[in-house]
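Visitor: Next up is a structure, given as C-alpha cells.
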2 protein chains.
Amino acid sequence: MVRDKEETKARILAAVGKLLAESGFQQLGINAIAREAGVDKVLIYRYFENLPTLLQTFGKEGNYWLTVEELVGDEATIEAEALEKWMSLLLVRFLRDLQQRSITQEILRWELLEGNELTQELAQVRDRMATDSLKFLNQKCAFPPDKDIPAISAVLIAGIVYLVLRTKISPTFLGIDFSSPSGWQRIEAAILSLVEATVQNDEL
Amino acid sequence: MVRDKEETKARILAAVGKLLAESGFQQLGINAIAREAGVDKVLIYRYFENLPTLLQTFGKEGNYWLTVEELVGDEATIEAEALEKWMSLLLVRFLRDLQQRSITQEILRWELLEGNELTQELAQVRDRMATDSLKFLNQKCAFPPDKDIPAISAVLIAGIVYLVLRTKISPTFLGIDFSSPSGWQRIEAAILSLVEATVQNDEL
DNA sequence: TATCATAGTCACCAGTTGGTGACAAGTCAG
DNA sequence: CTGACTTGTCACCAACTGGTGACTATGATA
C-alpha cells in the first residue's frame, strides 16, 4: 500500500502500544498486532524478527517511568527539607503518575505473572530508577540509621502499585471506593500519615 | 476405567487445583484440565456444564482465606491490648499465611487482570473477610477518630499482597532480596514500625 | 527499457483451543 | 436374559495461534 518500511514499522509499534494499553498483554499476539496495524503479519517477522524482539524494541523505545529528575521536578533546588516531606512527596507523585500510565500498568501486570527476559529487563530498568530515587533521597537527607527506609519504601510502593493495578478491575478494596477521587484522597492521606509518623521522629 | 462418577469429579477438581497452583490460571483450559486429570474432556462438560461453572464449584469448595477467627487465633481471649499491637500482629500473620497459599496467590493474580464473575465473587468473599477483620479490630480497640485506619490498612495489605505476588516471579524488589528470609524479616520489621509509629500516638 | 532488490500479499502449514455427536462398555432393574 | 441407563472413549468440528514459502507489485538504477 504505502510502501514505506519505516512507517510500517512505526504502525506496528503503535499497534503494540494501543493493544497493550487497552486490552493488556494477553491479547498481544502476532495476529492481533498485524490486524490492529492493518499490516500483514509476515512483515512483522521481516522487520522484527520475533514477537519477543518486537516487544523488546517496543520496550526500549518508550519511557514508561518517570526519571528521578522528573519525579523530583522543580523542587530539586529546595535544600534541607525533612526526609519525611521528601518521601511523601515522591510517593504521592509516583502514585499520581502511575495512574496516568496505562501501558506501564500493563507492564507491571505482565511482570506479575510472567518471567520473560523482556519483563525482567523492564523490571531491571524500573528497579534501577527506584533505587536511584532512594539514593537521591539518601544524599538529600541521610536516612536515620534506626529505620530501614528501603524496606519501608518497598512496602509503600508495593501498596501503591497494587492499588493502582486493582482499580482497573474492581472499584473497591477493603470497603474503599476508588471510583471517586475521595477514595484516592484517603489513600494519599494514609500514605502521608504513614510516612510522617514513621520517618519523622528522627530527632526524638 | 474406574467407572465412578464422584471420583472422576473429584479428580477433575483436584486437577484444577494442581494446575492452578503450579502454572497459574493462564494454562487453565479444558484440555489441560482433562489431560492433568487423566479424564476425557467430555466428562468435564457432562459433570460441570462449563469451564466457568467448573471453576465456580472449585472456588466454592476451597477455603482460600483465613477466617477472622483463624487470623486472630488464641490471642482472641487477650483483652485490652493496644490497637497497634493488634494491627501489626494481624498484618504479619496475613503476610505469612498468604505466602503459604499458592492457590490464593494465583486467584489474586487472576483478579488483577480479569474481571470475571468468578473472580469478582471470590473478591467479594475476600473483601468481606477483610472488612470483618477491620470490624473486629474496631470493636476490640476503637479506632482513633483522627486516623483513617481502613485506608492505612488498605495501603499496607496492598503492599503485602503485591510483594508476595512478586516473589514468585522476581526475587528482588527495590534492591531487597526476597529469596532469603532476611528480606522478609526486613519487610515484617518495616510493617511493624509503620503500624506502631502511625497508630500508636493516640494518647499524645 | 531491462534488471533487481525491496515492500507487500496470499495461501498454506502444524498445533492447539473449546466444544459436540456417535458409540462402546459396563451396571442394574425387571 | 433383556432393556434401559450411566460412565467412559473416540473421532470429529470450526476457529484460532505462531510461523513460512511463494508470489506479485513497485520503484530505483543502469
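Simple scheme: letters A, B, ... for chains in C-alpha cells order, numbers from 1 for residues in each chain, numbers from 1 for ligands in the order shown.
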Write down as a list in words the residues belonging to region 10-183 of chain A that are assigned strand (DSSP E) by DSSP computed on the backbone.
Guide: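 Result set for region 10-183 of chain A (strand (DSSP E)): Thr172, Phe173, Ile176 and Asp177 of chain A.
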Visitor: Write out the residues from the selection above, keeping N, CA and C atoms, as a PDB file, in the first residue's frame.
Guide:
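Output (part22.pdb):
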```
ATOM      1  N   THR A 172     -13.545  -1.274  44.228  1.00  0.00           N
ATOM      2  CA  THR A 172     -13.466  -1.185  45.680  1.00  0.00           C
ATOM      3  C   THR A 172     -12.386  -2.104  46.221  1.00  0.00           C
ATOM      4  N   PHE A 173     -11.873  -1.719  47.350  1.00  0.00           N
ATOM      5  CA  PHE A 173     -10.890  -2.546  48.050  1.00  0.00           C
ATOM      6  C   PHE A 173     -10.989  -2.203  49.526  1.00  0.00           C
ATOM      7  N   ILE A 176     -13.162   0.576  50.491  1.00  0.00           N
ATOM      8  CA  ILE A 176     -12.853   1.919  50.000  1.00  0.00           C
ATOM      9  C   ILE A 176     -13.212   2.006  48.529  1.00  0.00           C
ATOM     10  N   ASP A 177     -13.879   3.078  48.165  1.00  0.00           N
ATOM     11  CA  ASP A 177     -14.328   3.223  46.792  1.00  0.00           C
ATOM     12  C   ASP A 177     -13.304   4.025  45.993  1.00  0.00           C
TER      13      ASP A 177
END
```
Visitor: Using only C-alpha atoms (C1' of nucleotides), I'd like a table of the residues in chain D that come within 9 Å of chain B; for each, show the closest atom pair and its distance in Å rounded to one decimal, ordered by chain and ascending number, as CSV.
Guide:
```
residue,atom,partner,partner_atom,distance
D:DT7,C1',B:Arg3,CA,5.6
D:DG8,C1',B:Met1,CA,6.9
D:DT9,C1',B:Asp40,CA,7.7
```
Visitor: Do you have, as a Markdown table, the list of residues of chain D lying at most 8 Å from region 1-20 of chain C, each with its nearest atom pair and that distance in Å to one decimal, counting only C-alpha atoms (C1' of nucleotides) and ordered by chain then number?
Guide:
```
| residue | atom | partner | partner_atom | distance |
| --- | --- | --- | --- | --- |
| D:DC13 | C1' | C:DT20 | C1' | 8.0 |
| D:DC16 | C1' | C:DT17 | C1' | 7.3 |
| D:DT17 | C1' | C:DT16 | C1' | 7.3 |
| D:DT20 | C1' | C:DC13 | C1' | 7.9 |
| D:DC23 | C1' | C:DC10 | C1' | 7.7 |
| D:DT24 | C1' | C:DT9 | C1' | 7.3 |
| D:DA25 | C1' | C:DG8 | C1' | 7.7 |
| D:DT26 | C1' | C:DA7 | C1' | 7.7 |
```
Visitor: How about saving the chosen residues, all heavy atoms kept, as a compact mmCIF listing (two decimals), in the first residue's frame?
Guide:
```
# COMPACT_ATOMS: atom_id res chain seq x y z
P DC D 13 -14.67 -33.43 10.26
OP1 DC D 13 -15.43 -33.62 9.01
OP2 DC D 13 -13.18 -33.45 10.26
O5' DC D 13 -15.14 -32.08 10.94
C5' DC D 13 -16.50 -31.94 11.39
C4' DC D 13 -16.61 -30.72 12.28
O4' DC D 13 -15.99 -31.01 13.56
C3' DC D 13 -15.86 -29.52 11.73
O3' DC D 13 -16.75 -28.68 11.01
C2' DC D 13 -15.34 -28.81 12.99
C1' DC D 13 -15.56 -29.80 14.12
N1 DC D 13 -14.33 -30.11 14.93
C2 DC D 13 -14.11 -29.40 16.11
O2 DC D 13 -14.92 -28.53 16.45
N3 DC D 13 -13.00 -29.67 16.83
C4 DC D 13 -12.15 -30.62 16.42
N4 DC D 13 -11.08 -30.87 17.17
C5 DC D 13 -12.36 -31.35 15.23
C6 DC D 13 -13.46 -31.06 14.51
P DC D 16 -11.92 -16.91 14.84
OP1 DC D 16 -12.59 -15.82 15.59
OP2 DC D 16 -11.86 -16.88 13.36
O5' DC D 16 -10.42 -17.04 15.38
C5' DC D 16 -10.22 -17.26 16.77
C4' DC D 16 -8.90 -17.94 17.00
O4' DC D 16 -8.87 -19.20 16.30
C3' DC D 16 -7.68 -17.20 16.43
O3' DC D 16 -7.11 -16.38 17.44
C2' DC D 16 -6.72 -18.32 16.04
C1' DC D 16 -7.51 -19.59 16.25
N1 DC D 16 -7.32 -20.58 15.16
C2 DC D 16 -6.40 -21.62 15.35
O2 DC D 16 -5.79 -21.67 16.42
N3 DC D 16 -6.21 -22.52 14.37
C4 DC D 16 -6.89 -22.43 13.22
N4 DC D 16 -6.68 -23.34 12.29
C5 DC D 16 -7.83 -21.37 13.00
C6 DC D 16 -8.01 -20.48 13.99
P DT D 17 -5.89 -15.40 17.03
OP1 DT D 17 -5.97 -14.28 17.98
OP2 DT D 17 -5.92 -15.17 15.57
O5' DT D 17 -4.58 -16.24 17.34
C5' DT D 17 -4.40 -16.89 18.61
C4' DT D 17 -3.19 -17.80 18.52
O4' DT D 17 -3.54 -18.94 17.71
C3' DT D 17 -2.01 -17.19 17.81
O3' DT D 17 -1.21 -16.50 18.73
C2' DT D 17 -1.29 -18.39 17.23
C1' DT D 17 -2.37 -19.45 17.11
N1 DT D 17 -2.73 -19.84 15.70
C2 DT D 17 -2.08 -20.88 15.11
O2 DT D 17 -1.20 -21.51 15.66
N3 DT D 17 -2.52 -21.17 13.83
C4 DT D 17 -3.51 -20.53 13.13
O4 DT D 17 -3.81 -20.87 11.99
C5 DT D 17 -4.14 -19.43 13.82
C7 DT D 17 -5.23 -18.67 13.14
C6 DT D 17 -3.74 -19.15 15.05
P DT D 20 9.50 -19.11 11.04
OP1 DT D 20 10.74 -19.86 11.32
OP2 DT D 20 9.47 -17.65 11.13
O5' DT D 20 8.98 -19.56 9.60
C5' DT D 20 8.53 -20.89 9.41
C4' DT D 20 8.16 -21.12 7.95
O4' DT D 20 6.83 -20.60 7.70
C3' DT D 20 9.09 -20.42 6.95
O3' DT D 20 9.41 -21.35 5.94
C2' DT D 20 8.24 -19.26 6.42
C1' DT D 20 6.84 -19.86 6.49
N1 DT D 20 5.75 -18.86 6.59
C2 DT D 20 4.68 -18.96 5.73
O2 DT D 20 4.58 -19.83 4.88
N3 DT D 20 3.73 -17.99 5.91
C4 DT D 20 3.74 -16.95 6.84
O4 DT D 20 2.84 -16.15 6.90
C5 DT D 20 4.89 -16.92 7.70
C7 DT D 20 5.00 -15.85 8.74
C6 DT D 20 5.82 -17.86 7.53
P DC D 23 6.12 -19.62 -6.94
OP1 DC D 23 5.40 -20.51 -7.87
OP2 DC D 23 7.60 -19.47 -6.99
O5' DC D 23 5.49 -18.15 -7.07
C5' DC D 23 4.07 -18.03 -7.10
C4' DC D 23 3.64 -16.66 -6.62
O4' DC D 23 4.35 -16.33 -5.40
C3' DC D 23 4.02 -15.51 -7.56
O3' DC D 23 2.97 -15.33 -8.51
C2' DC D 23 4.10 -14.32 -6.61
C1' DC D 23 4.21 -14.93 -5.22
N1 DC D 23 5.36 -14.43 -4.43
C2 DC D 23 5.20 -13.28 -3.67
O2 DC D 23 4.11 -12.70 -3.67
N3 DC D 23 6.26 -12.81 -2.94
C4 DC D 23 7.42 -13.46 -2.96
N4 DC D 23 8.42 -12.96 -2.23
C5 DC D 23 7.60 -14.65 -3.72
C6 DC D 23 6.56 -15.09 -4.44
P DT D 24 3.26 -14.39 -9.78
OP1 DT D 24 2.32 -14.86 -10.82
OP2 DT D 24 4.71 -14.35 -10.03
O5' DT D 24 2.80 -12.94 -9.31
C5' DT D 24 1.54 -12.75 -8.66
C4' DT D 24 1.51 -11.37 -8.02
O4' DT D 24 2.54 -11.29 -7.01
C3' DT D 24 1.75 -10.21 -9.00
O3' DT D 24 0.76 -9.23 -8.80
C2' DT D 24 3.14 -9.71 -8.60
C1' DT D 24 3.18 -10.03 -7.13
N1 DT D 24 4.54 -10.16 -6.53
C2 DT D 24 4.95 -9.24 -5.60
O2 DT D 24 4.26 -8.32 -5.23
N3 DT D 24 6.23 -9.46 -5.11
C4 DT D 24 7.09 -10.47 -5.45
O4 DT D 24 8.20 -10.56 -4.95
C5 DT D 24 6.59 -11.39 -6.44
C7 DT D 24 7.44 -12.53 -6.88
C6 DT D 24 5.36 -11.20 -6.93
P DA D 25 0.58 -8.05 -9.86
OP1 DA D 25 -0.86 -7.82 -10.05
OP2 DA D 25 1.46 -8.32 -11.01
O5' DA D 25 1.16 -6.79 -9.08
C5' DA D 25 0.58 -6.41 -7.84
C4' DA D 25 1.40 -5.31 -7.19
O4' DA D 25 2.67 -5.84 -6.76
C3' DA D 25 1.70 -4.12 -8.10
O3' DA D 25 1.50 -2.94 -7.36
C2' DA D 25 3.17 -4.33 -8.49
C1' DA D 25 3.72 -5.00 -7.24
N9 DA D 25 4.87 -5.86 -7.46
C8 DA D 25 4.98 -6.89 -8.36
N7 DA D 25 6.14 -7.52 -8.31
C5 DA D 25 6.83 -6.85 -7.32
C6 DA D 25 8.13 -7.03 -6.79
N6 DA D 25 8.97 -7.96 -7.22
N1 DA D 25 8.51 -6.19 -5.79
C2 DA D 25 7.64 -5.24 -5.37
N3 DA D 25 6.42 -4.99 -5.80
C4 DA D 25 6.06 -5.84 -6.78
P DT D 26 1.47 -1.53 -8.12
OP1 DT D 26 0.44 -0.71 -7.45
OP2 DT D 26 1.44 -1.77 -9.58
O5' DT D 26 2.88 -0.91 -7.75
C5' DT D 26 3.26 -0.85 -6.36
C4' DT D 26 4.72 -0.50 -6.26
O4' DT D 26 5.54 -1.64 -6.58
C3' DT D 26 5.19 0.63 -7.19
O3' DT D 26 5.59 1.70 -6.38
C2' DT D 26 6.35 -0.01 -7.98
C1' DT D 26 6.76 -1.14 -7.06
N1 DT D 26 7.47 -2.28 -7.70
C2 DT D 26 8.72 -2.60 -7.25
O2 DT D 26 9.28 -2.01 -6.35
N3 DT D 26 9.30 -3.67 -7.92
C4 DT D 26 8.75 -4.41 -8.95
O4 DT D 26 9.36 -5.34 -9.45
C5 DT D 26 7.43 -4.01 -9.36
C7 DT D 26 6.74 -4.74 -10.45
C6 DT D 26 6.86 -2.97 -8.73
```
Visitor: How many Å separate CA of Glu36 (chain A) from CA of Gly115 (chain B)?
Guide: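 We find that CA of Glu36 (chain A) and CA of Gly115 (chain B) lie 23.5 Å from each other.
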Visitor: Give me every alpha helix (DSSP H) residue in region 93-171 of chain A, going by DSSP on the backbone, as number ranges by chain.
Guide: A: 93-100, 102-111, 117-140, 149-167
Visitor: Would you mind exporting C-alpha atoms of the selected residues as a PDB file, in the first residue's frame?
Guide:
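Saved result, out-v3.pdb, follows:
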```
ATOM      1  CA  ARG A  93       3.827  11.885  42.790  1.00  0.00           C
ATOM      2  CA  PHE A  94       4.639   8.312  41.924  1.00  0.00           C
ATOM      3  CA  LEU A  95       1.057   7.335  42.634  1.00  0.00           C
ATOM      4  CA  ARG A  96      -0.464  10.075  40.538  1.00  0.00           C
ATOM      5  CA  ASP A  97       1.944   9.469  37.693  1.00  0.00           C
ATOM      6  CA  LEU A  98       1.342   5.733  37.642  1.00  0.00           C
ATOM      7  CA  GLN A  99      -2.392   6.287  37.440  1.00  0.00           C
ATOM      8  CA  GLN A 100      -1.907   8.039  34.118  1.00  0.00           C
ATOM      9  CA  SER A 102      -1.831   2.660  31.266  1.00  0.00           C
ATOM     10  CA  ILE A 103       0.967   0.949  29.373  1.00  0.00           C
ATOM     11  CA  THR A 104       3.159   0.984  32.446  1.00  0.00           C
ATOM     12  CA  GLN A 105       0.326  -0.558  34.396  1.00  0.00           C
ATOM     13  CA  GLU A 106       0.051  -3.333  31.856  1.00  0.00           C
ATOM     14  CA  ILE A 107       3.768  -3.931  32.017  1.00  0.00           C
ATOM     15  CA  LEU A 108       3.513  -4.227  35.775  1.00  0.00           C
ATOM     16  CA  ARG A 109       0.640  -6.675  35.444  1.00  0.00           C
ATOM     17  CA  TRP A 110       2.669  -8.605  32.972  1.00  0.00           C
ATOM     18  CA  GLU A 111       5.690  -8.659  35.234  1.00  0.00           C
ATOM     19  CA  GLU A 117      13.512 -11.940  29.573  1.00  0.00           C
ATOM     20  CA  LEU A 118      11.585  -8.906  28.419  1.00  0.00           C
ATOM     21  CA  THR A 119       9.664  -8.360  31.603  1.00  0.00           C
ATOM     22  CA  GLN A 120      12.783  -8.935  33.619  1.00  0.00           C
ATOM     23  CA  GLU A 121      14.666  -6.405  31.574  1.00  0.00           C
ATOM     24  CA  LEU A 122      11.903  -3.876  32.028  1.00  0.00           C
ATOM     25  CA  ALA A 123      11.840  -4.723  35.693  1.00  0.00           C
ATOM     26  CA  GLN A 124      15.549  -4.015  35.932  1.00  0.00           C
ATOM     27  CA  VAL A 125      15.058  -0.583  34.420  1.00  0.00           C
ATOM     28  CA  ARG A 126      12.272   0.124  36.873  1.00  0.00           C
ATOM     29  CA  ASP A 127      14.231  -1.145  39.818  1.00  0.00           C
ATOM     30  CA  ARG A 128      17.233   0.958  38.908  1.00  0.00           C
ATOM     31  CA  MET A 129      15.021   4.023  38.717  1.00  0.00           C
ATOM     32  CA  ALA A 130      13.562   3.233  42.097  1.00  0.00           C
ATOM     33  CA  THR A 131      16.891   2.642  43.793  1.00  0.00           C
ATOM     34  CA  ASP A 132      18.195   5.794  42.169  1.00  0.00           C
ATOM     35  CA  SER A 133      15.367   7.684  43.773  1.00  0.00           C
ATOM     36  CA  LEU A 134      16.323   6.143  47.072  1.00  0.00           C
ATOM     37  CA  LYS A 135      19.933   7.188  46.585  1.00  0.00           C
ATOM     38  CA  PHE A 136      18.807  10.676  45.753  1.00  0.00           C
ATOM     39  CA  LEU A 137      16.741  10.771  48.896  1.00  0.00           C
ATOM     40  CA  ASN A 138      19.597   9.466  50.975  1.00  0.00           C
ATOM     41  CA  GLN A 139      22.028  12.100  49.811  1.00  0.00           C
ATOM     42  CA  LYS A 140      19.382  14.771  50.132  1.00  0.00           C
ATOM     43  CA  ILE A 149      13.934   3.271  54.808  1.00  0.00           C
ATOM     44  CA  PRO A 150      14.320   0.987  51.759  1.00  0.00           C
ATOM     45  CA  ALA A 151      12.104  -1.670  53.300  1.00  0.00           C
ATOM     46  CA  ILE A 152       9.531   0.907  54.345  1.00  0.00           C
ATOM     47  CA  SER A 153       9.583   2.364  50.857  1.00  0.00           C
ATOM     48  CA  ALA A 154       9.189  -1.095  49.365  1.00  0.00           C
ATOM     49  CA  VAL A 155       6.040  -1.730  51.346  1.00  0.00           C
ATOM     50  CA  LEU A 156       4.537   1.608  50.442  1.00  0.00           C
ATOM     51  CA  ILE A 157       5.473   1.485  46.775  1.00  0.00           C
ATOM     52  CA  ALA A 158       4.158  -2.042  46.543  1.00  0.00           C
ATOM     53  CA  GLY A 159       0.919  -0.919  48.095  1.00  0.00           C
ATOM     54  CA  ILE A 160       0.590   1.951  45.674  1.00  0.00           C
ATOM     55  CA  VAL A 161       1.259  -0.279  42.695  1.00  0.00           C
ATOM     56  CA  TYR A 162      -1.224  -2.881  43.809  1.00  0.00           C
ATOM     57  CA  LEU A 163      -3.980  -0.397  44.474  1.00  0.00           C
ATOM     58  CA  VAL A 164      -3.475   1.275  41.109  1.00  0.00           C
ATOM     59  CA  LEU A 165      -3.444  -2.037  39.276  1.00  0.00           C
ATOM     60  CA  ARG A 166      -6.587  -3.151  41.063  1.00  0.00           C
ATOM     61  CA  THR A 167      -8.732  -0.162  40.217  1.00  0.00           C
TER      62      THR A 167
END
```
Visitor: What's the separation between CA of Ile30 (chain A) and C1' of DG18 (chain D), in Å to one decimal place?
Guide: 7.2 Å
Visitor: Please indicate the distance in Å from CA of Leu28 (chain A) to CA of Leu55 (chain A), rounded to one decimal place.
Guide: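 That distance, rounded to one decimal, is 9.8 Å.
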